[in-house]
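Next comes my_file.cif, a file with mmCIF, N, CA and C atoms.
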data_model
#
loop_
_atom_site.label_atom_id
_atom_site.label_comp_id
_atom_site.auth_asym_id
_atom_site.auth_seq_id
_atom_site.Cartn_x
_atom_site.Cartn_y
_atom_site.Cartn_z
N MET A 1 99.79 86.89 92.75
CA MET A 1 100.42 86.57 94.02
C MET A 1 101.21 87.78 94.54
N PHE A 2 101.95 88.45 93.67
CA PHE A 2 102.76 89.58 94.09
C PHE A 2 101.87 90.69 94.66
N LYS A 3 100.76 90.95 94.00
CA LYS A 3 99.87 92.02 94.45
C LYS A 3 99.32 91.73 95.85
N VAL A 4 98.91 90.50 96.11
CA VAL A 4 98.38 90.13 97.42
C VAL A 4 99.48 90.21 98.48
N ALA A 5 100.68 89.73 98.14
CA ALA A 5 101.80 89.77 99.09
C ALA A 5 102.19 91.22 99.43
N ALA A 6 102.10 92.11 98.47
CA ALA A 6 102.49 93.51 98.69
C ALA A 6 101.38 94.33 99.34
N ASP A 7 100.14 93.86 99.28
CA ASP A 7 99.00 94.60 99.83
C ASP A 7 98.85 94.28 101.32
N VAL A 8 99.85 94.67 102.10
CA VAL A 8 99.92 94.28 103.51
C VAL A 8 98.78 94.84 104.35
N GLU A 9 98.22 95.98 103.95
CA GLU A 9 97.09 96.53 104.72
C GLU A 9 95.88 95.61 104.67
N ARG A 10 95.79 94.79 103.67
CA ARG A 10 94.67 93.86 103.55
C ARG A 10 94.89 92.58 104.36
N TRP A 11 96.12 92.32 104.78
CA TRP A 11 96.42 91.07 105.47
C TRP A 11 95.51 90.77 106.66
N PRO A 12 95.17 91.72 107.52
CA PRO A 12 94.28 91.38 108.64
C PRO A 12 92.89 90.88 108.18
N GLU A 13 92.46 91.28 106.98
CA GLU A 13 91.19 90.80 106.44
C GLU A 13 91.28 89.36 105.96
N ILE A 14 92.44 88.97 105.46
CA ILE A 14 92.57 87.64 104.83
C ILE A 14 93.40 86.66 105.64
N LEU A 15 94.13 87.15 106.63
CA LEU A 15 94.99 86.30 107.45
C LEU A 15 94.58 86.43 108.91
N PRO A 16 93.94 85.40 109.47
CA PRO A 16 93.38 85.53 110.82
C PRO A 16 94.40 85.76 111.93
N HIS A 17 95.68 85.46 111.69
CA HIS A 17 96.67 85.67 112.74
C HIS A 17 97.21 87.10 112.78
N TYR A 18 96.84 87.93 111.80
CA TYR A 18 97.27 89.33 111.82
C TYR A 18 96.28 90.18 112.58
N ARG A 19 96.76 90.93 113.55
CA ARG A 19 95.93 91.81 114.38
C ARG A 19 95.68 93.12 113.66
N TRP A 20 96.75 93.75 113.14
CA TRP A 20 96.62 94.96 112.35
C TRP A 20 97.88 95.17 111.54
N VAL A 21 97.73 95.96 110.49
CA VAL A 21 98.83 96.43 109.66
C VAL A 21 98.46 97.84 109.24
N ARG A 22 99.35 98.78 109.49
CA ARG A 22 99.06 100.16 109.07
C ARG A 22 100.36 100.87 108.68
N PHE A 23 100.22 101.69 107.66
CA PHE A 23 101.36 102.48 107.23
C PHE A 23 101.49 103.71 108.11
N LEU A 24 102.68 103.93 108.60
CA LEU A 24 102.97 105.15 109.35
C LEU A 24 103.44 106.23 108.38
N LYS A 25 104.05 105.78 107.27
CA LYS A 25 104.50 106.69 106.21
C LYS A 25 104.54 105.88 104.92
N ARG A 26 103.98 106.42 103.85
CA ARG A 26 103.96 105.73 102.55
C ARG A 26 105.06 106.27 101.64
N ARG A 27 105.60 105.36 100.81
CA ARG A 27 106.63 105.74 99.86
C ARG A 27 106.74 104.68 98.77
N ASP A 28 106.44 105.02 97.53
CA ASP A 28 106.64 104.16 96.37
C ASP A 28 106.09 102.74 96.55
N GLY A 29 104.86 102.62 96.99
CA GLY A 29 104.26 101.30 97.18
C GLY A 29 104.64 100.63 98.48
N GLY A 30 105.57 101.21 99.20
CA GLY A 30 106.00 100.69 100.49
C GLY A 30 105.98 101.81 101.50
N GLY A 31 106.99 101.82 102.37
CA GLY A 31 107.09 102.86 103.38
C GLY A 31 107.33 102.26 104.75
N THR A 32 107.01 103.02 105.77
CA THR A 32 107.16 102.55 107.15
C THR A 32 105.84 101.91 107.56
N VAL A 33 105.89 100.64 107.89
CA VAL A 33 104.67 99.89 108.18
C VAL A 33 104.75 99.24 109.56
N GLU A 34 103.68 99.42 110.31
CA GLU A 34 103.57 98.80 111.64
C GLU A 34 102.70 97.55 111.47
N MET A 35 103.19 96.42 112.00
CA MET A 35 102.47 95.15 111.88
C MET A 35 102.35 94.51 113.25
N ALA A 36 101.22 93.81 113.44
CA ALA A 36 101.02 93.07 114.68
C ALA A 36 100.31 91.77 114.34
N ALA A 37 100.77 90.70 114.95
CA ALA A 37 100.20 89.38 114.68
C ALA A 37 100.08 88.60 115.98
N TRP A 38 99.28 87.55 115.93
CA TRP A 38 99.20 86.59 117.03
C TRP A 38 100.07 85.41 116.68
N ARG A 39 100.78 84.88 117.66
CA ARG A 39 101.48 83.60 117.48
C ARG A 39 100.77 82.62 118.39
N PRO A 40 99.95 81.74 117.79
CA PRO A 40 99.18 80.81 118.62
C PRO A 40 100.03 79.68 119.19
N PHE A 41 99.70 79.30 120.40
CA PHE A 41 100.27 78.14 121.09
C PHE A 41 99.09 77.37 121.67
N GLY A 42 98.47 76.53 120.87
CA GLY A 42 97.26 75.85 121.32
C GLY A 42 96.15 76.86 121.52
N VAL A 43 95.62 76.93 122.73
CA VAL A 43 94.52 77.87 123.02
C VAL A 43 95.02 79.26 123.39
N ILE A 44 96.33 79.41 123.59
CA ILE A 44 96.91 80.70 123.96
C ILE A 44 97.44 81.39 122.71
N ARG A 45 97.15 82.69 122.60
CA ARG A 45 97.68 83.49 121.50
C ARG A 45 98.61 84.55 122.08
N TYR A 46 99.88 84.54 121.64
CA TYR A 46 100.86 85.50 122.14
C TYR A 46 100.93 86.67 121.16
N PRO A 47 100.77 87.92 121.63
CA PRO A 47 100.80 89.06 120.72
C PRO A 47 102.24 89.44 120.33
N THR A 48 102.43 89.71 119.04
CA THR A 48 103.72 90.20 118.55
C THR A 48 103.49 91.51 117.82
N TRP A 49 104.57 92.31 117.68
CA TRP A 49 104.46 93.63 117.09
C TRP A 49 105.82 94.07 116.58
N TRP A 50 105.85 94.77 115.44
CA TRP A 50 107.10 95.29 114.91
C TRP A 50 106.80 96.41 113.91
N VAL A 51 107.82 97.21 113.61
CA VAL A 51 107.75 98.26 112.60
C VAL A 51 108.88 98.01 111.62
N SER A 52 108.56 98.11 110.32
CA SER A 52 109.54 97.85 109.27
C SER A 52 109.53 98.95 108.22
N GLN A 53 110.68 99.10 107.57
CA GLN A 53 110.76 99.88 106.34
C GLN A 53 110.50 98.88 105.21
N MET A 54 109.43 99.07 104.48
CA MET A 54 109.02 98.15 103.42
C MET A 54 109.36 98.75 102.06
N THR A 55 110.01 97.94 101.21
CA THR A 55 110.35 98.36 99.86
C THR A 55 109.75 97.35 98.89
N VAL A 56 109.00 97.84 97.92
CA VAL A 56 108.37 96.98 96.93
C VAL A 56 109.07 97.20 95.59
N ASP A 57 109.57 96.12 95.00
CA ASP A 57 110.25 96.18 93.71
C ASP A 57 109.55 95.22 92.74
N PRO A 58 108.52 95.72 92.02
CA PRO A 58 107.78 94.84 91.12
C PRO A 58 108.65 94.25 90.01
N GLY A 59 109.63 95.00 89.52
CA GLY A 59 110.50 94.50 88.45
C GLY A 59 111.30 93.29 88.88
N ALA A 60 111.82 93.33 90.10
CA ALA A 60 112.60 92.21 90.63
C ALA A 60 111.70 91.16 91.28
N ARG A 61 110.41 91.48 91.42
CA ARG A 61 109.43 90.61 92.10
C ARG A 61 109.87 90.35 93.53
N GLU A 62 110.29 91.43 94.21
CA GLU A 62 110.75 91.33 95.60
C GLU A 62 110.03 92.34 96.48
N ILE A 63 109.78 91.92 97.70
CA ILE A 63 109.28 92.81 98.75
C ILE A 63 110.26 92.66 99.90
N ARG A 64 110.84 93.78 100.31
CA ARG A 64 111.85 93.75 101.37
C ARG A 64 111.37 94.52 102.58
N TYR A 65 111.81 94.04 103.74
CA TYR A 65 111.50 94.69 105.01
C TYR A 65 112.78 94.81 105.81
N ARG A 66 112.97 95.95 106.40
CA ARG A 66 114.05 96.16 107.36
C ARG A 66 113.36 96.52 108.67
N HIS A 67 113.42 95.61 109.64
CA HIS A 67 112.74 95.85 110.92
C HIS A 67 113.50 96.95 111.68
N VAL A 68 112.77 98.01 112.02
CA VAL A 68 113.40 99.17 112.67
C VAL A 68 112.92 99.37 114.10
N TRP A 69 111.90 98.61 114.52
CA TRP A 69 111.42 98.73 115.89
C TRP A 69 110.78 97.42 116.31
N GLY A 70 110.91 97.10 117.58
CA GLY A 70 110.38 95.85 118.12
C GLY A 70 111.54 94.92 118.45
N ILE A 71 111.23 93.75 118.96
CA ILE A 71 112.27 92.82 119.38
C ILE A 71 113.14 92.36 118.21
N THR A 72 112.58 92.39 117.00
CA THR A 72 113.33 91.95 115.82
C THR A 72 114.03 93.09 115.09
N ARG A 73 114.22 94.21 115.77
CA ARG A 73 114.93 95.34 115.17
C ARG A 73 116.25 94.88 114.56
N GLY A 74 116.52 95.34 113.34
CA GLY A 74 117.75 94.97 112.65
C GLY A 74 117.58 93.77 111.72
N MET A 75 116.43 93.13 111.73
CA MET A 75 116.22 91.98 110.86
C MET A 75 115.89 92.44 109.45
N ASP A 76 116.50 91.78 108.47
CA ASP A 76 116.20 92.01 107.06
C ASP A 76 115.40 90.82 106.55
N VAL A 77 114.31 91.13 105.85
CA VAL A 77 113.44 90.10 105.30
C VAL A 77 113.27 90.37 103.81
N CYS A 78 113.36 89.32 103.02
CA CYS A 78 113.15 89.46 101.58
C CYS A 78 112.18 88.38 101.10
N TRP A 79 111.08 88.83 100.53
CA TRP A 79 110.15 87.94 99.84
C TRP A 79 110.53 87.98 98.37
N ARG A 80 110.76 86.81 97.76
CA ARG A 80 111.02 86.71 96.32
C ARG A 80 109.94 85.85 95.70
N LEU A 81 109.33 86.37 94.66
CA LEU A 81 108.25 85.66 93.97
C LEU A 81 108.69 85.44 92.52
N VAL A 82 108.86 84.19 92.13
CA VAL A 82 109.34 83.84 90.80
C VAL A 82 108.27 83.04 90.08
N ALA A 83 107.82 83.58 88.94
CA ALA A 83 106.80 82.89 88.15
C ALA A 83 107.38 81.59 87.58
N GLN A 84 106.59 80.54 87.67
CA GLN A 84 106.92 79.23 87.11
C GLN A 84 105.78 78.82 86.17
N PRO A 85 105.99 77.83 85.33
CA PRO A 85 104.92 77.44 84.39
C PRO A 85 103.58 77.11 85.06
N HIS A 86 103.61 76.55 86.27
CA HIS A 86 102.37 76.14 86.92
C HIS A 86 102.15 76.85 88.25
N GLY A 87 102.62 78.07 88.39
CA GLY A 87 102.40 78.80 89.63
C GLY A 87 103.53 79.77 89.91
N VAL A 88 103.73 80.03 91.19
CA VAL A 88 104.75 80.98 91.64
C VAL A 88 105.54 80.35 92.77
N ASP A 89 106.86 80.39 92.67
CA ASP A 89 107.72 79.98 93.79
C ASP A 89 107.94 81.20 94.67
N VAL A 90 107.69 81.04 95.96
CA VAL A 90 107.87 82.13 96.91
C VAL A 90 108.90 81.70 97.93
N THR A 91 109.91 82.53 98.14
CA THR A 91 110.86 82.29 99.21
C THR A 91 110.84 83.51 100.12
N ILE A 92 110.98 83.25 101.40
CA ILE A 92 111.09 84.32 102.39
C ILE A 92 112.39 84.09 103.13
N GLU A 93 113.29 85.05 103.06
CA GLU A 93 114.57 84.96 103.76
C GLU A 93 114.58 85.95 104.91
N HIS A 94 115.01 85.47 106.06
CA HIS A 94 115.17 86.32 107.25
C HIS A 94 116.65 86.31 107.62
N GLU A 95 117.24 87.48 107.74
CA GLU A 95 118.63 87.60 108.21
C GLU A 95 118.62 88.47 109.45
N TRP A 96 119.14 87.88 110.55
CA TRP A 96 119.10 88.60 111.82
C TRP A 96 120.06 87.95 112.80
N ALA A 97 120.82 88.77 113.48
CA ALA A 97 121.76 88.27 114.48
C ALA A 97 121.13 88.12 115.86
N GLY A 98 119.91 88.61 115.99
CA GLY A 98 119.22 88.53 117.29
C GLY A 98 119.16 89.87 117.97
N PRO A 99 118.41 89.92 119.06
CA PRO A 99 118.30 91.19 119.78
C PRO A 99 119.64 91.57 120.41
N GLY A 100 119.79 92.83 120.71
CA GLY A 100 121.05 93.34 121.27
C GLY A 100 121.23 93.05 122.75
N TRP A 101 120.78 91.90 123.20
CA TRP A 101 120.94 91.52 124.59
C TRP A 101 122.31 90.87 124.78
N PRO A 102 123.10 91.37 125.69
CA PRO A 102 124.42 90.77 125.91
C PRO A 102 124.30 89.27 126.21
N ILE A 103 125.16 88.50 125.64
CA ILE A 103 125.33 87.06 125.83
C ILE A 103 124.14 86.24 125.34
N VAL A 104 122.91 86.52 125.79
CA VAL A 104 121.77 85.66 125.48
C VAL A 104 121.03 86.05 124.20
N GLY A 105 121.28 87.22 123.62
CA GLY A 105 120.55 87.67 122.44
C GLY A 105 120.62 86.70 121.27
N PRO A 106 121.83 86.36 120.80
CA PRO A 106 121.92 85.43 119.67
C PRO A 106 121.33 84.05 120.00
N LEU A 107 121.52 83.60 121.22
CA LEU A 107 120.97 82.30 121.62
C LEU A 107 119.44 82.33 121.63
N ALA A 108 118.86 83.40 122.17
CA ALA A 108 117.40 83.55 122.17
C ALA A 108 116.85 83.59 120.75
N ALA A 109 117.55 84.28 119.86
CA ALA A 109 117.12 84.37 118.45
C ALA A 109 117.17 83.00 117.79
N ARG A 110 118.24 82.28 118.01
CA ARG A 110 118.44 80.98 117.35
C ARG A 110 117.52 79.89 117.90
N LEU A 111 117.26 79.90 119.20
CA LEU A 111 116.49 78.81 119.81
C LEU A 111 115.00 79.09 119.97
N VAL A 112 114.62 80.36 120.13
CA VAL A 112 113.22 80.66 120.42
C VAL A 112 112.61 81.64 119.42
N ILE A 113 113.15 82.83 119.33
CA ILE A 113 112.51 83.88 118.55
C ILE A 113 112.42 83.49 117.07
N GLY A 114 113.51 83.00 116.51
CA GLY A 114 113.51 82.62 115.09
C GLY A 114 112.61 81.44 114.79
N PRO A 115 112.90 80.28 115.36
CA PRO A 115 112.11 79.10 114.99
C PRO A 115 110.67 79.10 115.50
N VAL A 116 110.43 79.68 116.65
CA VAL A 116 109.08 79.63 117.23
C VAL A 116 108.22 80.79 116.74
N PHE A 117 108.73 82.02 116.84
CA PHE A 117 107.92 83.18 116.50
C PHE A 117 108.03 83.56 115.03
N ILE A 118 109.22 83.86 114.55
CA ILE A 118 109.38 84.33 113.17
C ILE A 118 108.91 83.27 112.18
N HIS A 119 109.42 82.05 112.31
CA HIS A 119 109.03 80.98 111.39
C HIS A 119 107.53 80.68 111.52
N GLY A 120 107.03 80.65 112.75
CA GLY A 120 105.61 80.36 112.96
C GLY A 120 104.69 81.36 112.29
N ILE A 121 105.02 82.64 112.37
CA ILE A 121 104.19 83.67 111.75
C ILE A 121 104.38 83.67 110.24
N ALA A 122 105.62 83.57 109.75
CA ALA A 122 105.87 83.56 108.31
C ALA A 122 105.18 82.37 107.63
N LYS A 123 105.23 81.21 108.27
CA LYS A 123 104.60 80.01 107.71
C LYS A 123 103.09 80.21 107.59
N ARG A 124 102.46 80.78 108.60
CA ARG A 124 101.02 81.04 108.56
C ARG A 124 100.68 82.10 107.51
N THR A 125 101.54 83.11 107.38
CA THR A 125 101.30 84.17 106.40
C THR A 125 101.35 83.60 104.99
N LEU A 126 102.38 82.84 104.69
CA LEU A 126 102.52 82.27 103.36
C LEU A 126 101.38 81.29 103.05
N ALA A 127 101.03 80.44 103.99
CA ALA A 127 99.93 79.48 103.79
C ALA A 127 98.60 80.22 103.59
N GLY A 128 98.38 81.29 104.35
CA GLY A 128 97.14 82.06 104.22
C GLY A 128 97.04 82.76 102.88
N ILE A 129 98.13 83.34 102.41
CA ILE A 129 98.12 84.00 101.10
C ILE A 129 97.88 82.96 100.01
N LYS A 130 98.49 81.80 100.15
CA LYS A 130 98.27 80.71 99.17
C LYS A 130 96.78 80.32 99.14
N ARG A 131 96.16 80.18 100.30
CA ARG A 131 94.73 79.84 100.36
C ARG A 131 93.89 80.90 99.65
N VAL A 132 94.20 82.18 99.87
CA VAL A 132 93.45 83.26 99.24
C VAL A 132 93.61 83.20 97.73
N ILE A 133 94.82 83.05 97.26
CA ILE A 133 95.09 83.01 95.82
C ILE A 133 94.35 81.84 95.18
N GLU A 134 94.47 80.67 95.78
CA GLU A 134 93.84 79.49 95.20
C GLU A 134 92.32 79.55 95.35
N GLY A 135 91.84 80.10 96.45
CA GLY A 135 90.40 80.20 96.69
C GLY A 135 89.73 81.24 95.80
N GLU A 136 90.45 82.29 95.47
CA GLU A 136 89.87 83.35 94.64
C GLU A 136 90.08 83.08 93.16
N GLY A 137 90.79 82.00 92.85
CA GLY A 137 91.03 81.68 91.45
C GLY A 137 91.83 82.74 90.73
N GLY A 138 92.65 83.47 91.46
CA GLY A 138 93.49 84.48 90.83
C GLY A 138 92.86 85.87 90.80
N ALA A 139 91.62 86.01 91.20
CA ALA A 139 90.96 87.33 91.17
C ALA A 139 91.51 88.20 92.29
N ARG A 140 91.67 89.48 92.03
CA ARG A 140 92.15 90.45 93.02
C ARG A 140 91.15 91.59 93.11
N ARG A 141 91.15 92.22 94.23
CA ARG A 141 90.30 93.41 94.36
C ARG A 141 90.96 94.60 93.74
#
Please rewrite the model in this file as structure tokens.
Amino acid sequence: MFKVAADVERWPEILPHYRWVRFLKRRDGGGTVEMAAWRPFGVIRYPTWWVSQMTVDPGAREIRYRHVWGITRGMDVCWRLVAQPHGVDVTIEHEWAGPGWPIVGPLAARLVIGPVFIHGIAKRTLAGIKRVIEGEGGARR
């Protein structure tokens, strides 16, 4: 599970809502990564895009992202993968005060950007990775 979660360049192949993922600079299994995804709303797909500093810590079983460009600039994301007797518990934490828009930024983050876009994409990403893991029977490329 950790290997698939950390192999973000493969995500567009295995996750249909990802448009592209590419490293702008590599560093210790992570680096500066540009990501783009679709957020579907019925028949309409809204394009999203961001750039993050990605840090992979296999010992701690964590993958961290610090969003450095895009509407979610300043957001910290932590994926934690904890082995359990019958699988892996995965948690994804997002910490963000919202965009730097005076007055409406935090409100937009709390009411729209967070629950509709961030949660919607993260939920699809996690479900898609789970499908791949279970469908491949644990095999990795």
Suppose a student applies the PyMOL selection byres (((chain A and resi 56 and name CA) around 8) and name CA) to this structure; what residues should they get, written as a compact mmCIF listing (two decimals) with N, CA and C atoms, keeping the file's coordinate frame?
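Output file selection-v5.txt follows:
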# COMPACT_ATOMS: atom_id res chain seq x y z
N ALA A 6 102.10 92.11 98.47
CA ALA A 6 102.49 93.51 98.69
C ALA A 6 101.38 94.33 99.34
N ASP A 28 106.44 105.02 97.53
CA ASP A 28 106.64 104.16 96.37
C ASP A 28 106.09 102.74 96.55
N GLY A 29 104.86 102.62 96.99
CA GLY A 29 104.26 101.30 97.18
C GLY A 29 104.64 100.63 98.48
N GLY A 30 105.57 101.21 99.20
CA GLY A 30 106.00 100.69 100.49
C GLY A 30 105.98 101.81 101.50
N MET A 54 109.43 99.07 104.48
CA MET A 54 109.02 98.15 103.42
C MET A 54 109.36 98.75 102.06
N THR A 55 110.01 97.94 101.21
CA THR A 55 110.35 98.36 99.86
C THR A 55 109.75 97.35 98.89
N ASP A 57 109.57 96.12 95.00
CA ASP A 57 110.25 96.18 93.71
C ASP A 57 109.55 95.22 92.74
N PRO A 58 108.52 95.72 92.02
CA PRO A 58 107.78 94.84 91.12
C PRO A 58 108.65 94.25 90.01
N GLU A 62 110.29 91.43 94.21
CA GLU A 62 110.75 91.33 95.60
C GLU A 62 110.03 92.34 96.48
N ILE A 63 109.78 91.92 97.70
CA ILE A 63 109.28 92.81 98.75
C ILE A 63 110.26 92.66 99.90
N ARG A 64 110.84 93.78 100.31
CA ARG A 64 111.85 93.75 101.37
C ARG A 64 111.37 94.52 102.58
Name all residues at most 12 Å from A:Leu24 (count only C-alpha atoms; drop same-chain ones fewer than 3 positions away) and give them as a PyMOL selection string.
-> chain A and resi 9+21+27+30-35+51-54
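If you look at atom CA of A:Arg124 and atom CA of A:Ala37, they are 10.4 Å away from each other.
Interatomic distance, atom CA of A:Arg66 against atom CA of A:Tyr46: 22.5 Å.
Between A:Pro40 and the residues A:Lys3, A:Leu107, A:His17, A:Val112, the shortest atom-to-atom distance, using all atoms listed in the file, involves A:His17.
Using only N, CA and C atoms, the shortest contact distance between A:Glu93 and any of A:Leu81, A:Asp76, A:Pro47, A:Lys123 is found at A:Asp76.
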Assign secondary structure with DSSP using the backbone only, and return the residues of chain A in helix (DSSP H, G or I) as an MDAnalysis selection string.
-> chainID A and resid 2:6 8:14 105:136
Any chance you could work out the residue set of the PyMOL selection byres (((chain A and resi 14 and name CA) around 8) and name CA) here, as an NGL selection string?
-> :A and (10-13 or 15-16 or 128-129 or 132)
Quick one: write out the picked residues with N, CA and C atoms as a short mmCIF file (atom, residue, chain, number, x, y, z; two decimals), in the frame of the given file?
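Resulting contents of again03.cif:
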data_model
loop_
_atom_site.label_atom_id
_atom_site.label_comp_id
_atom_site.auth_asym_id
_atom_site.auth_seq_id
_atom_site.Cartn_x
_atom_site.Cartn_y
_atom_site.Cartn_z
N ARG A 10 95.79 94.79 103.67
CA ARG A 10 94.67 93.86 103.55
C ARG A 10 94.89 92.58 104.36
N TRP A 11 96.12 92.32 104.78
CA TRP A 11 96.42 91.07 105.47
C TRP A 11 95.51 90.77 106.66
N PRO A 12 95.17 91.72 107.52
CA PRO A 12 94.28 91.38 108.64
C PRO A 12 92.89 90.88 108.18
N GLU A 13 92.46 91.28 106.98
CA GLU A 13 91.19 90.80 106.44
C GLU A 13 91.28 89.36 105.96
N LEU A 15 94.13 87.15 106.63
CA LEU A 15 94.99 86.30 107.45
C LEU A 15 94.58 86.43 108.91
N PRO A 16 93.94 85.40 109.47
CA PRO A 16 93.38 85.53 110.82
C PRO A 16 94.40 85.76 111.93
N GLY A 128 98.38 81.29 104.35
CA GLY A 128 97.14 82.06 104.22
C GLY A 128 97.04 82.76 102.88
N ILE A 129 98.13 83.34 102.41
CA ILE A 129 98.12 84.00 101.10
C ILE A 129 97.88 82.96 100.01
N VAL A 132 94.20 82.18 99.87
CA VAL A 132 93.45 83.26 99.24
C VAL A 132 93.61 83.20 97.73
#
Determine the residue membership of the PyMOL selection byres (((chain A and resi 98-106 and name CA) around 10) and name CA) for the file above and supply it as a CSV table (one decimal) with N, CA and C atoms, in the coordinates of the input.
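Saved as out.csv:
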chain,number,residue,atom,x,y,z
A,70,GLY,N,110.9,97.1,117.6
A,70,GLY,CA,110.4,95.8,118.1
A,70,GLY,C,111.5,94.9,118.4
A,71,ILE,N,111.2,93.8,119.0
A,71,ILE,CA,112.3,92.8,119.4
A,71,ILE,C,113.1,92.4,118.2
A,72,THR,N,112.6,92.4,117.0
A,72,THR,CA,113.3,92.0,115.8
A,72,THR,C,114.0,93.1,115.1
A,73,ARG,N,114.2,94.2,115.8
A,73,ARG,CA,114.9,95.3,115.2
A,73,ARG,C,116.2,94.9,114.6
A,74,GLY,N,116.5,95.3,113.3
A,74,GLY,CA,117.8,95.0,112.6
A,74,GLY,C,117.6,93.8,111.7
A,75,MET,N,116.4,93.1,111.7
A,75,MET,CA,116.2,92.0,110.9
A,75,MET,C,115.9,92.4,109.4
A,95,GLU,N,117.2,87.5,107.7
A,95,GLU,CA,118.6,87.6,108.2
A,95,GLU,C,118.6,88.5,109.4
A,96,TRP,N,119.1,87.9,110.6
A,96,TRP,CA,119.1,88.6,111.8
A,96,TRP,C,120.1,88.0,112.8
A,97,ALA,N,120.8,88.8,113.5
A,97,ALA,CA,121.8,88.3,114.5
A,97,ALA,C,121.1,88.1,115.9
A,107,LEU,N,121.5,83.6,121.2
A,107,LEU,CA,121.0,82.3,121.6
A,107,LEU,C,119.4,82.3,121.6
A,108,ALA,N,118.9,83.4,122.2
A,108,ALA,CA,117.4,83.6,122.2
A,108,ALA,C,116.8,83.6,120.8
A,109,ALA,N,117.6,84.3,119.9
A,109,ALA,CA,117.1,84.4,118.4
A,109,ALA,C,117.2,83.0,117.8
A,110,ARG,N,118.2,82.3,118.0
A,110,ARG,CA,118.4,81.0,117.4
A,110,ARG,C,117.5,79.9,117.9
A,111,LEU,N,117.3,79.9,119.2
A,111,LEU,CA,116.5,78.8,119.8
A,111,LEU,C,115.0,79.1,120.0
A,112,VAL,N,114.6,80.4,120.1
A,112,VAL,CA,113.2,80.7,120.4
A,112,VAL,C,112.6,81.6,119.4
A,113,ILE,N,113.2,82.8,119.3
A,113,ILE,CA,112.5,83.9,118.6
A,113,ILE,C,112.4,83.5,117.1
A,114,GLY,N,113.5,83.0,116.5
A,114,GLY,CA,113.5,82.6,115.1
A,114,GLY,C,112.6,81.4,114.8
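Distance-wise, atom CA of A:Arg61 and atom C of A:Leu126 end up 16.5 Å apart.
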Please report, as a ChimeraX atom specification, each residue of chain A to which DSSP assigns strand (DSSP E or B) when run on this structure's backbone.
-> /A:18-27,30-41,44-57,62-69,76-84,87-95
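When only C-alpha atoms are used to compute distances to A:Ile121, the closest of the residues A:Arg39, A:His94, A:Arg19, A:His67 turns out to be A:Arg39.
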Each side padded by 8 Å, which centre and which edge lengths in Å (one decimal) define the axis-aligned box around the listed atoms of stretch 85-92 of chain A? Give them as lines of an AutoDock Vina configuration file.
center_x = 107.3
center_y = 80.2
center_z = 93.8
size_x = 26.2
size_y = 24.2
size_z = 34.7
